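The next block is start.pdb, given as PDB, C-alpha atoms.
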ATOM      1  CA  MET G 134       0.735  55.635   2.697
ATOM      2  CA  SER G 135       1.213  56.505   6.381
ATOM      3  CA  ILE G 136       3.484  54.485   8.660
ATOM      4  CA  GLU G 137       0.372  53.408  10.599
ATOM      5  CA  GLN G 138      -1.133  52.004   7.374
ATOM      6  CA  ASP G 139       2.149  50.207   6.687
ATOM      7  CA  ARG G 140       2.039  48.703  10.202
ATOM      8  CA  GLN G 141      -1.578  47.640   9.694
ATOM      9  CA  PHE G 142      -0.726  45.798   6.453
ATOM     10  CA  LEU G 143       2.236  44.136   8.187
ATOM     11  CA  ARG G 144      -0.043  42.993  11.039
ATOM     12  CA  GLN G 145      -2.389  41.509   8.423
ATOM     13  CA  CYS G 146       0.599  39.824   6.798
ATOM     14  CA  VAL G 147       1.845  38.343  10.081
ATOM     15  CA  ALA G 148      -1.647  37.014  10.893
ATOM     16  CA  LEU G 149      -1.690  35.374   7.453
ATOM     17  CA  ALA G 150       1.712  33.773   8.180
ATOM     18  CA  VAL G 151       0.368  32.318  11.455
ATOM     19  CA  ASP G 152      -2.605  31.004   9.482
ATOM     20  CA  SER G 153      -0.222  29.536   6.868
ATOM     21  CA  VAL G 154       1.424  27.398   9.578
ATOM     22  CA  ALA G 155      -1.972  26.140  10.768
ATOM     23  CA  LYS G 156      -2.753  25.127   7.166
ATOM     24  CA  GLY G 157       0.491  23.162   6.725
ATOM     25  CA  GLY G 158       2.477  25.878   4.962
ATOM     26  CA  GLY G 159       5.652  27.678   5.993
ATOM     27  CA  PRO G 160       5.672  30.526   8.586
ATOM     28  CA  PHE G 161       5.767  33.344   6.052
ATOM     29  CA  ALA G 162       3.227  35.482   4.216
ATOM     30  CA  ALA G 163       3.148  38.410   1.808
ATOM     31  CA  LEU G 164       0.676  40.964   0.484
ATOM     32  CA  VAL G 165       0.724  43.030  -2.683
ATOM     33  CA  VAL G 166      -1.086  46.316  -2.028
ATOM     34  CA  ARG G 167      -2.236  48.948  -4.510
ATOM     35  CA  ASP G 168      -4.214  52.098  -3.730
ATOM     36  CA  ASP G 169      -4.511  51.048  -0.062
ATOM     37  CA  LYS G 170      -6.179  47.764  -1.032
ATOM     38  CA  VAL G 171      -4.827  44.201  -0.925
ATOM     39  CA  LEU G 172      -4.499  43.041  -4.518
ATOM     40  CA  ALA G 173      -3.048  39.596  -3.736
ATOM     41  CA  GLN G 174      -1.878  37.652  -0.700
ATOM     42  CA  SER G 175      -0.261  34.316   0.012
ATOM     43  CA  GLY G 176       1.404  32.198   2.618
ATOM     44  CA  ASN G 177       4.487  30.085   1.895
ATOM     45  CA  CYS G 178       3.435  26.920   0.019
ATOM     46  CA  VAL G 179       6.790  25.196  -0.660
ATOM     47  CA  THR G 180       6.077  21.901   1.055
ATOM     48  CA  ASN G 181       2.320  21.734   0.653
ATOM     49  CA  SER G 182       2.534  22.435  -3.099
ATOM     50  CA  ASN G 183       5.917  20.729  -3.745
ATOM     51  CA  ASP G 184       7.210  23.920  -5.345
ATOM     52  CA  PRO G 185      10.647  25.196  -4.287
ATOM     53  CA  THR G 186       9.754  28.644  -5.662
ATOM     54  CA  ALA G 187       6.417  28.984  -3.835
ATOM     55  CA  HIS G 188       7.636  31.482  -1.275
ATOM     56  CA  ALA G 189       4.899  33.817  -0.072
ATOM     57  CA  GLU G 190       6.317  36.834  -1.919
ATOM     58  CA  VAL G 191       6.667  34.972  -5.244
ATOM     59  CA  GLN G 192       3.129  33.606  -4.941
ATOM     60  CA  ALA G 193       1.649  37.018  -4.137
ATOM     61  CA  LEU G 194       3.555  38.680  -7.002
ATOM     62  CA  ARG G 195       2.379  35.995  -9.444
ATOM     63  CA  GLN G 196      -1.233  36.390  -8.347
ATOM     64  CA  ALA G 197      -1.116  40.187  -8.515
ATOM     65  CA  ALA G 198       0.409  40.137 -12.002
ATOM     66  CA  ALA G 199      -2.186  37.601 -13.191
ATOM     67  CA  LEU G 200      -4.978  39.800 -11.813
ATOM     68  CA  THR G 201      -3.691  42.988 -13.406
ATOM     69  CA  GLY G 202      -2.669  41.269 -16.643
ATOM     70  CA  ASP G 203       0.739  42.898 -16.432
ATOM     71  CA  PRO G 204       4.037  41.364 -15.198
ATOM     72  CA  HIS G 205       5.023  44.826 -13.927
ATOM     73  CA  LEU G 206       3.531  46.049 -10.654
ATOM     74  CA  THR G 207       5.022  49.529 -10.725
ATOM     75  CA  ASP G 208       2.416  51.109  -8.436
ATOM     76  CA  CYS G 209       2.301  48.402  -5.748
ATOM     77  CA  THR G 210       3.886  47.838  -2.346
ATOM     78  CA  LEU G 211       5.038  44.372  -1.290
ATOM     79  CA  TYR G 212       4.572  43.618   2.417
ATOM     80  CA  ALA G 213       6.335  40.578   3.828
ATOM     81  CA  SER G 214       6.039  39.029   7.274
ATOM     82  CA  CYS G 215       9.813  38.425   7.206
ATOM     83  CA  GLU G 216      12.819  39.808   5.357
ATOM     84  CA  PRO G 217      12.623  38.421   1.802
ATOM     85  CA  CYS G 218      15.238  35.976   0.514
ATOM     86  CA  PRO G 219      17.379  36.689  -2.609
ATOM     87  CA  MET G 220      14.893  34.853  -4.878
ATOM     88  CA  CYS G 221      11.979  36.954  -3.627
ATOM     89  CA  LEU G 222      13.955  40.195  -3.735
ATOM     90  CA  ALA G 223      14.985  39.569  -7.337
ATOM     91  CA  ALA G 224      11.407  38.553  -8.216
ATOM     92  CA  ALA G 225      10.156  41.850  -6.739
ATOM     93  CA  MET G 226      12.693  43.754  -8.816
ATOM     94  CA  TRP G 227      11.709  41.914 -12.017
ATOM     95  CA  ALA G 228       8.113  42.889 -11.147
ATOM     96  CA  HIS G 229       9.248  46.541 -10.818
ATOM     97  CA  ILE G 230       7.940  46.741  -7.239
ATOM     98  CA  PRO G 231       9.016  50.168  -5.964
ATOM     99  CA  ARG G 232       8.563  49.517  -2.199
ATOM    100  CA  ILE G 233       9.174  46.447  -0.042
ATOM    101  CA  ILE G 234       8.324  46.571   3.681
ATOM    102  CA  TYR G 235       9.020  43.671   6.026
ATOM    103  CA  ALA G 236       8.388  42.869   9.700
ATOM    104  CA  ALA G 237      10.689  40.143  11.089
ATOM    105  CA  THR G 238      14.416  40.023  10.324
ATOM    106  CA  HIS G 239      16.445  37.072   9.053
ATOM    107  CA  ASP G 240      17.479  36.400  12.670
ATOM    108  CA  GLU G 241      13.897  35.380  13.485
ATOM    109  CA  ALA G 242      13.818  33.039  10.468
ATOM    110  CA  ILE G 243      17.150  31.529  11.531
ATOM    111  CA  ARG G 244      15.713  30.889  15.010
ATOM    112  CA  ALA G 245      12.954  28.853  13.328
ATOM    113  CA  GLY G 246      15.417  26.894  11.166
ATOM    114  CA  PHE G 247      15.193  28.897   7.923
ATOM    115  CA  ASP G 248      18.577  30.291   7.013
ATOM    116  CA  ASP G 249      18.247  31.964   3.662
ATOM    117  CA  THR G 250      21.251  34.175   4.323
ATOM    118  CA  VAL G 251      23.241  31.060   3.356
ATOM    119  CA  ILE G 252      22.018  31.517  -0.216
ATOM    120  CA  ALA G 253      22.986  35.172  -0.500
ATOM    121  CA  ILE G 254      26.395  34.383   0.996
ATOM    122  CA  ALA G 255      26.892  31.428  -1.387
ATOM    123  CA  LEU G 256      25.980  33.589  -4.377
ATOM    124  CA  TYR G 257      27.352  37.009  -3.553
ATOM    125  CA  GLY G 258      29.528  36.630  -0.474
ATOM    126  CA  GLN G 259      27.270  38.734   1.752
ATOM    127  CA  PRO G 260      24.030  38.042   3.618
ATOM    128  CA  LEU G 261      22.054  41.214   2.970
ATOM    129  CA  PRO G 262      21.124  43.406  -0.013
ATOM    130  CA  ALA G 263      23.014  46.351   1.409
ATOM    131  CA  ASN G 264      22.784  48.252  -1.841
ATOM    132  CA  LEU G 265      19.000  48.790  -1.864
ATOM    133  CA  PRO G 266      18.020  52.296  -0.758
ATOM    134  CA  ALA G 267      15.831  52.625   2.368
ATOM    135  CA  GLU G 268      12.871  54.037   0.407
ATOM    136  CA  ARG G 269      12.776  50.838  -1.638
ATOM    137  CA  PHE G 270      13.479  48.271   1.075
ATOM    138  CA  GLN G 271      12.446  48.953   4.636
ATOM    139  CA  HIS G 272      12.410  47.063   7.919
ATOM    140  CA  LEU G 273       9.394  48.144  10.004
ATOM    141  CA  PRO G 274       9.346  46.242  13.312
ATOM    142  CA  ILE G 275       5.991  45.355  14.849
ATOM    143  CA  PRO G 276       5.477  43.530  18.178
ATOM    144  CA  GLU G 277       3.646  40.602  16.513
ATOM    145  CA  SER G 278       6.408  39.680  14.064
ATOM    146  CA  SER G 279       7.651  36.590  15.957
ATOM    147  CA  ALA G 280       4.233  34.938  16.120
ATOM    148  CA  PRO G 281       4.542  32.869  12.873
ATOM    149  CA  PHE G 282       7.870  31.418  14.025
ATOM    150  CA  ASP G 283       6.516  30.616  17.500
ATOM    151  CA  ALA G 284       3.555  28.864  15.819
ATOM    152  CA  TRP G 285       5.980  26.970  13.544
ATOM    153  CA  LEU G 286       8.228  25.811  16.405
ATOM    154  CA  ALA G 287       5.183  24.721  18.416
ATOM    155  CA  LYS G 288       3.831  22.622  15.551
ATOM    156  CA  GLU G 289       4.920  19.047  16.138
ATOM    157  CA  ASP G 290       4.176  17.780  12.609
ATOM    158  CA  ARG G 291       5.954  20.619  10.802
ATOM    159  CA  VAL G 292       7.811  19.723   7.590
ATOM    160  CA  PRO G 293      11.227  21.445   7.574
ATOM    161  CA  TYR G 294      12.806  22.306   4.223
TER     162      TYR G 294
ATOM    163  CA  MET D 220      27.739  12.976 -17.362
ATOM    164  CA  SER D 221      30.333  13.636 -20.099
ATOM    165  CA  ILE D 222      31.049  17.108 -21.434
ATOM    166  CA  GLU D 223      29.615  15.998 -24.793
ATOM    167  CA  GLN D 224      26.347  15.054 -23.071
ATOM    168  CA  ASP D 225      26.350  18.444 -21.351
ATOM    169  CA  ARG D 226      26.834  20.156 -24.732
ATOM    170  CA  GLN D 227      24.024  18.089 -26.234
ATOM    171  CA  PHE D 228      21.585  19.150 -23.498
ATOM    172  CA  LEU D 229      22.661  22.769 -23.961
ATOM    173  CA  ARG D 230      22.024  22.515 -27.715
ATOM    174  CA  GLN D 231      18.542  21.166 -26.928
ATOM    175  CA  CYS D 232      18.051  24.041 -24.520
ATOM    176  CA  VAL D 233      19.134  26.664 -27.074
ATOM    177  CA  ALA D 234      16.801  25.165 -29.710
ATOM    178  CA  LEU D 235      13.963  25.411 -27.164
ATOM    179  CA  ALA D 236      14.842  29.084 -26.561
ATOM    180  CA  VAL D 237      14.654  29.798 -30.318
ATOM    181  CA  ASP D 238      11.287  28.042 -30.331
ATOM    182  CA  SER D 239      10.178  30.110 -27.321
ATOM    183  CA  VAL D 240      10.723  33.318 -29.336
ATOM    184  CA  ALA D 241       8.672  31.934 -32.229
ATOM    185  CA  LYS D 242       5.844  31.196 -29.770
ATOM    186  CA  GLY D 243       5.814  34.726 -28.312
ATOM    187  CA  GLY D 244       7.974  34.011 -25.250
ATOM    188  CA  GLY D 245      11.354  35.387 -24.245
ATOM    189  CA  PRO D 246      14.657  34.157 -25.784
ATOM    190  CA  PHE D 247      15.556  31.830 -22.928
ATOM    191  CA  ALA D 248      14.994  28.173 -22.066
ATOM    192  CA  ALA D 249      15.959  25.692 -19.386
ATOM    193  CA  LEU D 250      15.971  21.931 -18.836
ATOM    194  CA  VAL D 251      16.011  19.899 -15.638
ATOM    195  CA  VAL D 252      17.818  16.622 -16.310
ATOM    196  CA  ARG D 253      17.986  13.517 -14.124
ATOM    197  CA  ASP D 254      19.685  10.223 -15.023
ATOM    198  CA  ASP D 255      20.490  11.536 -18.534
ATOM    199  CA  LYS D 256      16.789  12.217 -19.236
ATOM    200  CA  VAL D 257      14.922  15.514 -19.498
ATOM    201  CA  LEU D 258      12.562  15.673 -16.538
ATOM    202  CA  ALA D 259      11.143  19.134 -17.289
ATOM    203  CA  GLN D 260      11.716  21.942 -19.768
ATOM    204  CA  SER D 261      10.422  25.440 -20.386
ATOM    205  CA  GLY D 262      10.930  28.625 -22.317
ATOM    206  CA  ASN D 263      10.594  32.052 -20.731
ATOM    207  CA  CYS D 264       6.882  32.914 -20.344
ATOM    208  CA  VAL D 265       6.985  36.304 -18.588
ATOM    209  CA  THR D 266       5.046  38.312 -21.138
ATOM    210  CA  ASN D 267       2.850  35.597 -22.585
ATOM    211  CA  SER D 268       1.705  34.456 -19.121
ATOM    212  CA  ASN D 269       1.863  37.858 -17.378
ATOM    213  CA  ASP D 270       4.076  36.380 -14.680
ATOM    214  CA  PRO D 271       7.222  38.297 -13.680
ATOM    215  CA  THR D 272       8.641  35.104 -12.134
ATOM    216  CA  ALA D 273       8.070  32.871 -15.194
ATOM    217  CA  HIS D 274      11.717  32.732 -16.229
ATOM    218  CA  ALA D 275      12.608  29.500 -17.998
ATOM    219  CA  GLU D 276      14.648  28.165 -15.066
ATOM    220  CA  VAL D 277      11.900  28.869 -12.495
ATOM    221  CA  GLN D 278       9.289  27.243 -14.724
ATOM    222  CA  ALA D 279      11.408  24.139 -15.332
ATOM    223  CA  LEU D 280      12.224  23.805 -11.610
ATOM    224  CA  ARG D 281       8.543  24.138 -10.687
ATOM    225  CA  GLN D 282       7.542  21.500 -13.238
ATOM    226  CA  ALA D 283      10.290  19.083 -12.175
ATOM    227  CA  ALA D 284       9.365  19.427  -8.497
ATOM    228  CA  ALA D 285       5.680  18.922  -9.270
ATOM    229  CA  LEU D 286       6.528  15.784 -11.263
ATOM    230  CA  THR D 287       8.761  14.286  -8.591
ATOM    231  CA  GLY D 288       6.485  15.388  -5.731
ATOM    232  CA  ASP D 289       9.469  16.886  -3.944
ATOM    233  CA  PRO D 290      10.586  20.535  -3.792
ATOM    234  CA  HIS D 291      14.189  19.312  -3.623
ATOM    235  CA  LEU D 292      15.882  18.171  -6.845
ATOM    236  CA  THR D 293      19.124  16.998  -5.300
ATOM    237  CA  ASP D 294      20.051  14.609  -8.117
ATOM    238  CA  CYS D 295      19.280  16.887 -11.071
ATOM    239  CA  THR D 296      21.254  19.185 -13.366
ATOM    240  CA  LEU D 297      19.797  22.501 -14.505
ATOM    241  CA  TYR D 298      20.752  23.487 -18.062
ATOM    242  CA  ALA D 299      20.081  27.079 -19.129
ATOM    243  CA  SER D 300      20.416  28.635 -22.558
ATOM    244  CA  CYS D 301      21.819  31.756 -20.867
ATOM    245  CA  GLU D 302      23.464  32.621 -17.559
ATOM    246  CA  PRO D 303      20.705  32.572 -14.927
ATOM    247  CA  CYS D 304      19.614  35.771 -13.155
ATOM    248  CA  PRO D 305      19.743  36.150  -9.334
ATOM    249  CA  MET D 306      16.095  35.019  -8.982
ATOM    250  CA  CYS D 307      16.756  31.827 -10.932
ATOM    251  CA  LEU D 308      20.053  31.138  -9.176
ATOM    252  CA  ALA D 309      18.432  31.466  -5.768
ATOM    253  CA  ALA D 310      15.482  29.319  -6.933
ATOM    254  CA  ALA D 311      17.958  26.618  -8.023
ATOM    255  CA  MET D 312      19.628  26.764  -4.632
ATOM    256  CA  TRP D 313      16.303  26.515  -2.781
ATOM    257  CA  ALA D 314      15.628  23.455  -4.990
ATOM    258  CA  HIS D 315      19.018  21.998  -3.902
ATOM    259  CA  ILE D 316      20.190  21.723  -7.517
ATOM    260  CA  PRO D 317      23.819  20.586  -7.333
ATOM    261  CA  ARG D 318      24.889  21.537 -10.909
ATOM    262  CA  ILE D 319      23.958  24.454 -13.161
ATOM    263  CA  ILE D 320      25.373  24.611 -16.706
ATOM    264  CA  TYR D 321      24.699  27.528 -19.045
ATOM    265  CA  ALA D 322      25.523  28.419 -22.644
ATOM    266  CA  ALA D 323      25.344  32.168 -23.395
ATOM    267  CA  THR D 324      26.750  34.782 -21.017
ATOM    268  CA  HIS D 325      25.029  37.884 -19.652
ATOM    269  CA  ASP D 326      26.736  39.902 -22.400
ATOM    270  CA  GLU D 327      24.596  38.135 -25.009
ATOM    271  CA  ALA D 328      21.437  38.884 -23.010
ATOM    272  CA  ILE D 329      22.500  42.534 -22.693
ATOM    273  CA  ARG D 330      22.938  42.705 -26.483
ATOM    274  CA  ALA D 331      19.286  41.621 -26.802
ATOM    275  CA  GLY D 332      18.083  44.188 -24.258
ATOM    276  CA  PHE D 333      17.912  41.995 -21.145
ATOM    277  CA  ASP D 334      20.196  43.339 -18.473
ATOM    278  CA  ASP D 335      19.689  41.262 -15.396
ATOM    279  CA  THR D 336      23.104  42.153 -14.026
ATOM    280  CA  VAL D 337      21.387  45.399 -12.973
ATOM    281  CA  ILE D 338      19.420  43.413 -10.398
ATOM    282  CA  ALA D 339      22.436  41.674  -8.860
ATOM    283  CA  ILE D 340      24.262  45.003  -8.730
ATOM    284  CA  ALA D 341      21.249  46.734  -7.138
ATOM    285  CA  LEU D 342      20.972  44.002  -4.518
ATOM    286  CA  TYR D 343      24.534  42.978  -3.795
ATOM    287  CA  GLY D 344      26.802  45.482  -5.493
ATOM    288  CA  GLN D 345      28.235  42.981  -7.964
ATOM    289  CA  PRO D 346      26.979  41.505 -11.240
ATOM    290  CA  LEU D 347      27.994  37.869 -10.902
ATOM    291  CA  PRO D 348      27.725  35.102  -8.309
ATOM    292  CA  ALA D 349      31.478  34.910  -7.946
ATOM    293  CA  ASN D 350      31.236  32.754  -4.836
ATOM    294  CA  LEU D 351      29.723  29.661  -6.483
ATOM    295  CA  PRO D 352      32.318  26.928  -7.105
ATOM    296  CA  ALA D 353      32.919  25.833 -10.722
ATOM    297  CA  GLU D 354      31.543  22.329 -10.123
ATOM    298  CA  ARG D 355      28.206  23.869  -9.108
ATOM    299  CA  PHE D 356      27.959  26.669 -11.685
ATOM    300  CA  GLN D 357      29.620  26.287 -15.054
ATOM    301  CA  HIS D 358      29.751  28.236 -18.308
ATOM    302  CA  LEU D 359      30.006  25.832 -21.250
ATOM    303  CA  PRO D 360      30.160  27.757 -24.538
ATOM    304  CA  ILE D 361      28.555  26.245 -27.631
ATOM    305  CA  PRO D 362      28.506  27.817 -31.113
ATOM    306  CA  GLU D 363      24.695  27.997 -31.224
ATOM    307  CA  SER D 364      24.249  30.035 -28.037
ATOM    308  CA  SER D 365      23.510  33.380 -29.769
ATOM    309  CA  ALA D 366      20.675  31.987 -31.881
ATOM    310  CA  PRO D 367      17.813  32.797 -29.451
ATOM    311  CA  PHE D 368      18.942  36.427 -29.192
ATOM    312  CA  ASP D 369      19.316  36.752 -32.970
ATOM    313  CA  ALA D 370      15.775  35.363 -33.331
ATOM    314  CA  TRP D 371      14.525  37.808 -30.689
ATOM    315  CA  LEU D 372      16.152  40.853 -32.317
ATOM    316  CA  ALA D 373      14.796  39.796 -35.732
ATOM    317  CA  LYS D 374      11.235  39.512 -34.420
ATOM    318  CA  GLU D 375       9.447  42.758 -35.208
ATOM    319  CA  ASP D 376       6.512  42.224 -32.833
ATOM    320  CA  ARG D 377       8.610  41.272 -29.814
ATOM    321  CA  VAL D 378       7.373  42.476 -26.418
ATOM    322  CA  PRO D 379      10.329  43.829 -24.414
ATOM    323  CA  TYR D 380      10.184  43.672 -20.620
TER     324      TYR D 380
END

What do you get writing this file as structure tokens?
Amino acid sequence: MSIEQDRQFLRQCVALAVDSVAKGGGPFAALVVRDDKVLAQSGNCVTNSNDPTAHAEVQALRQAAALTGDPHLTDCTLYASCEPCPMCLAAAMWAHIPRIIYAATHDEAIRAGFDDTVIAIALYGQPLPANLPAERFQHLPIPESSAPFDAWLAKEDRVPY
Amino acid sequence: MSIEQDRQFLRQCVALAVDSVAKGGGPFAALVVRDDKVLAQSGNCVTNSNDPTAHAEVQALRQAAALTGDPHLTDCTLYASCEPCPMCLAAAMWAHIPRIIYAATHDEAIRAGFDDTVIAIALYGQPLPANLPAERFQHLPIPESSAPFDAWLAKEDRVPY
């Protein structure tokens, strides 16, 4: 996978996160990719499905595993429009995902009112999974990464959570 | 809630985990309790539903939130047959669960081949959520807590994951 392919999947992911906001979901999205093809994708559906675990990454992992008939996605990459929270990171590790690439950082999510670093700090006393090696967990900035949060903040009937 | 009520819910949880093994699931179970009544319950369904996120706690939280029509379970207690993993702990925090009580420790899970401390160490460099206060996260030992793991280890056709 070239870095340009990674950027292209992240752009697709960010566009899906913008679309998620328009559909009443949260400003996040994720893709599970195998062999250069999107196996599963989802926006964040916490409030519109009343499911506290329906983060985009968890939803995409669940769909991909259902499609492949295997809870382990050892040959897949997880793309996320924003840095995954501790629940999503642990879910990706249970799914044996070898590569996670994300666009926006937690700072962008905090700007939009989503502060999941609070959870990592409450659990483990630190905000970030500093122990994951760069080949497994990578921040790849793209110019579009703020768009889902701008769409969220501009949406007057948004449901915070 | 008295400590004897807590123990009773944990016994119910452990019995459900033994039952989960008999039904082809993993040796874990969880209950979501509100006003002294079980609102939702589940065993671990990772291998029998091909869902890497279908830990007992996540399943019970999802069911409880679907039932109440609210992703936040601010007045509920989460009982777990075994110490929850980082995914389940973070899920409980996203669900605003104020109290988590568990029976077996990670050491019991490790004995049965489930080493989720690896994930917390990989992410945050430490095995346990040392920062959670005791009133939010409590180990309450009961004599029955090893039973699900004994059932798991005795099951010849178990599917490890």

For Asp238 of chain D, please output as a PDB file with C-alpha atoms, in the coordinates of the input all residues within 9 Å (counting all atoms listed in the file; exclusion window: fewer than 6 positions along the same chain).
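The resulting around.pdb:
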ATOM      1  CA  GLY D 244       7.974  34.011 -25.250  1.00  0.00           C
ATOM      2  CA  PRO D 246      14.657  34.157 -25.784  1.00  0.00           C
ATOM      3  CA  GLY D 262      10.930  28.625 -22.317  1.00  0.00           C
ATOM      4  CA  PRO D 367      17.813  32.797 -29.451  1.00  0.00           C
TER       5      PRO D 367
END

Exercise. Given the file above and the ChimeraX specification (/G :<8) & /D, which residues are selected, and can you give them as a ChimeraX atom specification?
Worked result: /D:265-266,268-272,277,280-281,284-285,288-291,305-310,312-314,338-345,347-351

Write the selection just made, keeping C-alpha atoms, as a PDB file, in the frame of the given file?
ATOM      1  CA  VAL D 265       6.985  36.304 -18.588  1.00  0.00           C
ATOM      2  CA  THR D 266       5.046  38.312 -21.138  1.00  0.00           C
ATOM      3  CA  SER D 268       1.705  34.456 -19.121  1.00  0.00           C
ATOM      4  CA  ASN D 269       1.863  37.858 -17.378  1.00  0.00           C
ATOM      5  CA  ASP D 270       4.076  36.380 -14.680  1.00  0.00           C
ATOM      6  CA  PRO D 271       7.222  38.297 -13.680  1.00  0.00           C
ATOM      7  CA  THR D 272       8.641  35.104 -12.134  1.00  0.00           C
ATOM      8  CA  VAL D 277      11.900  28.869 -12.495  1.00  0.00           C
ATOM      9  CA  LEU D 280      12.224  23.805 -11.610  1.00  0.00           C
ATOM     10  CA  ARG D 281       8.543  24.138 -10.687  1.00  0.00           C
ATOM     11  CA  ALA D 284       9.365  19.427  -8.497  1.00  0.00           C
ATOM     12  CA  ALA D 285       5.680  18.922  -9.270  1.00  0.00           C
ATOM     13  CA  GLY D 288       6.485  15.388  -5.731  1.00  0.00           C
ATOM     14  CA  ASP D 289       9.469  16.886  -3.944  1.00  0.00           C
ATOM     15  CA  PRO D 290      10.586  20.535  -3.792  1.00  0.00           C
ATOM     16  CA  HIS D 291      14.189  19.312  -3.623  1.00  0.00           C
ATOM     17  CA  PRO D 305      19.743  36.150  -9.334  1.00  0.00           C
ATOM     18  CA  MET D 306      16.095  35.019  -8.982  1.00  0.00           C
ATOM     19  CA  CYS D 307      16.756  31.827 -10.932  1.00  0.00           C
ATOM     20  CA  LEU D 308      20.053  31.138  -9.176  1.00  0.00           C
ATOM     21  CA  ALA D 309      18.432  31.466  -5.768  1.00  0.00           C
ATOM     22  CA  ALA D 310      15.482  29.319  -6.933  1.00  0.00           C
ATOM     23  CA  MET D 312      19.628  26.764  -4.632  1.00  0.00           C
ATOM     24  CA  TRP D 313      16.303  26.515  -2.781  1.00  0.00           C
ATOM     25  CA  ALA D 314      15.628  23.455  -4.990  1.00  0.00           C
ATOM     26  CA  ILE D 338      19.420  43.413 -10.398  1.00  0.00           C
ATOM     27  CA  ALA D 339      22.436  41.674  -8.860  1.00  0.00           C
ATOM     28  CA  ILE D 340      24.262  45.003  -8.730  1.00  0.00           C
ATOM     29  CA  ALA D 341      21.249  46.734  -7.138  1.00  0.00           C
ATOM     30  CA  LEU D 342      20.972  44.002  -4.518  1.00  0.00           C
ATOM     31  CA  TYR D 343      24.534  42.978  -3.795  1.00  0.00           C
ATOM     32  CA  GLY D 344      26.802  45.482  -5.493  1.00  0.00           C
ATOM     33  CA  GLN D 345      28.235  42.981  -7.964  1.00  0.00           C
ATOM     34  CA  LEU D 347      27.994  37.869 -10.902  1.00  0.00           C
ATOM     35  CA  PRO D 348      27.725  35.102  -8.309  1.00  0.00           C
ATOM     36  CA  ALA D 349      31.478  34.910  -7.946  1.00  0.00           C
ATOM     37  CA  ASN D 350      31.236  32.754  -4.836  1.00  0.00           C
ATOM     38  CA  LEU D 351      29.723  29.661  -6.483  1.00  0.00           C
TER      39      LEU D 351
END

For this session: Do a neighbour search on segment 252-255 of chain D at 12 Å with all atoms listed in the file, toss out local chain neighbours closer than 5 positions, and write the hits as a PyMOL selection string.
Result: chain D and resi 220-221+223-225+227-229+231-232+260+279-280+282-284+287+292-299+316-320

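You will find atom CA of Val233 of chain D at 10.3 Å from atom CA of Pro362 of chain D.
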
For this session: Record the distance separating atom CA of Ser153 of chain G and atom CA of Asn177 of chain G, expressed in Å with one decimal.
Result: 6.9 Å

Exercise. For the atom pair atom CA of Glu268 of chain G and atom CA of Ile243 of chain G, what is the interatomic distance in Å to one decimal place?
Worked result: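 If I compute the distance from atom CA of Glu268 of chain G to atom CA of Ile243 of chain G, I get 25.5 Å.
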
Exercise. Applied to the shown file, which residues does the PyMOL selection byres ((chain D and resi 325) around 9) return, written as a PyMOL selection string?
Worked result: chain D and resi 301-304+323-324+326-330+333-336

Write the residues of the selection above to a file with C-alpha atoms, as a tab-separated table (two decimals), in the frame of the given file.
chain	number	residue	atom	x	y	z
D	301	CYS	CA	21.82	31.76	-20.87
D	302	GLU	CA	23.46	32.62	-17.56
D	303	PRO	CA	20.70	32.57	-14.93
D	304	CYS	CA	19.61	35.77	-13.16
D	323	ALA	CA	25.34	32.17	-23.40
D	324	THR	CA	26.75	34.78	-21.02
D	326	ASP	CA	26.74	39.90	-22.40
D	327	GLU	CA	24.60	38.14	-25.01
D	328	ALA	CA	21.44	38.88	-23.01
D	329	ILE	CA	22.50	42.53	-22.69
D	330	ARG	CA	22.94	42.70	-26.48
D	333	PHE	CA	17.91	42.00	-21.14
D	334	ASP	CA	20.20	43.34	-18.47
D	335	ASP	CA	19.69	41.26	-15.40
D	336	THR	CA	23.10	42.15	-14.03

For this session: Measuring atom to atom with all atoms listed in the file, identify which of D:Ala249, D:Ile361, D:Ala234, D:Arg355 is nearest to Ala322 of chain D.
Result: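 Smallest separation from Ala322 of chain D among the options: D:Ile361.
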
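Nearest residue to Lys242 of chain D, choosing from D:Ser300, D:Cys264, D:Leu258, D:His358 and counting all atoms listed in the file: D:Cys264.
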
For this session: Would you be able to write out as a PyMOL selection string which residues have an atom within 9 Å of (10.5, 36.2, -29.8) in the file's coordinates, counting all atoms listed in the file?
Result: chain D and resi 236-246+367-368+370-378

For the residues selected in the previous step, produce a file with C-alpha atoms as a CSV table (one decimal), in the coordinates of the input.
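Dumped everything to out_20.csv:
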chain,number,residue,atom,x,y,z
D,236,ALA,CA,14.8,29.1,-26.6
D,237,VAL,CA,14.7,29.8,-30.3
D,238,ASP,CA,11.3,28.0,-30.3
D,239,SER,CA,10.2,30.1,-27.3
D,240,VAL,CA,10.7,33.3,-29.3
D,241,ALA,CA,8.7,31.9,-32.2
D,242,LYS,CA,5.8,31.2,-29.8
D,243,GLY,CA,5.8,34.7,-28.3
D,244,GLY,CA,8.0,34.0,-25.2
D,245,GLY,CA,11.4,35.4,-24.2
D,246,PRO,CA,14.7,34.2,-25.8
D,367,PRO,CA,17.8,32.8,-29.5
D,368,PHE,CA,18.9,36.4,-29.2
D,370,ALA,CA,15.8,35.4,-33.3
D,371,TRP,CA,14.5,37.8,-30.7
D,372,LEU,CA,16.2,40.9,-32.3
D,373,ALA,CA,14.8,39.8,-35.7
D,374,LYS,CA,11.2,39.5,-34.4
D,375,GLU,CA,9.4,42.8,-35.2
D,376,ASP,CA,6.5,42.2,-32.8
D,377,ARG,CA,8.6,41.3,-29.8
D,378,VAL,CA,7.4,42.5,-26.4
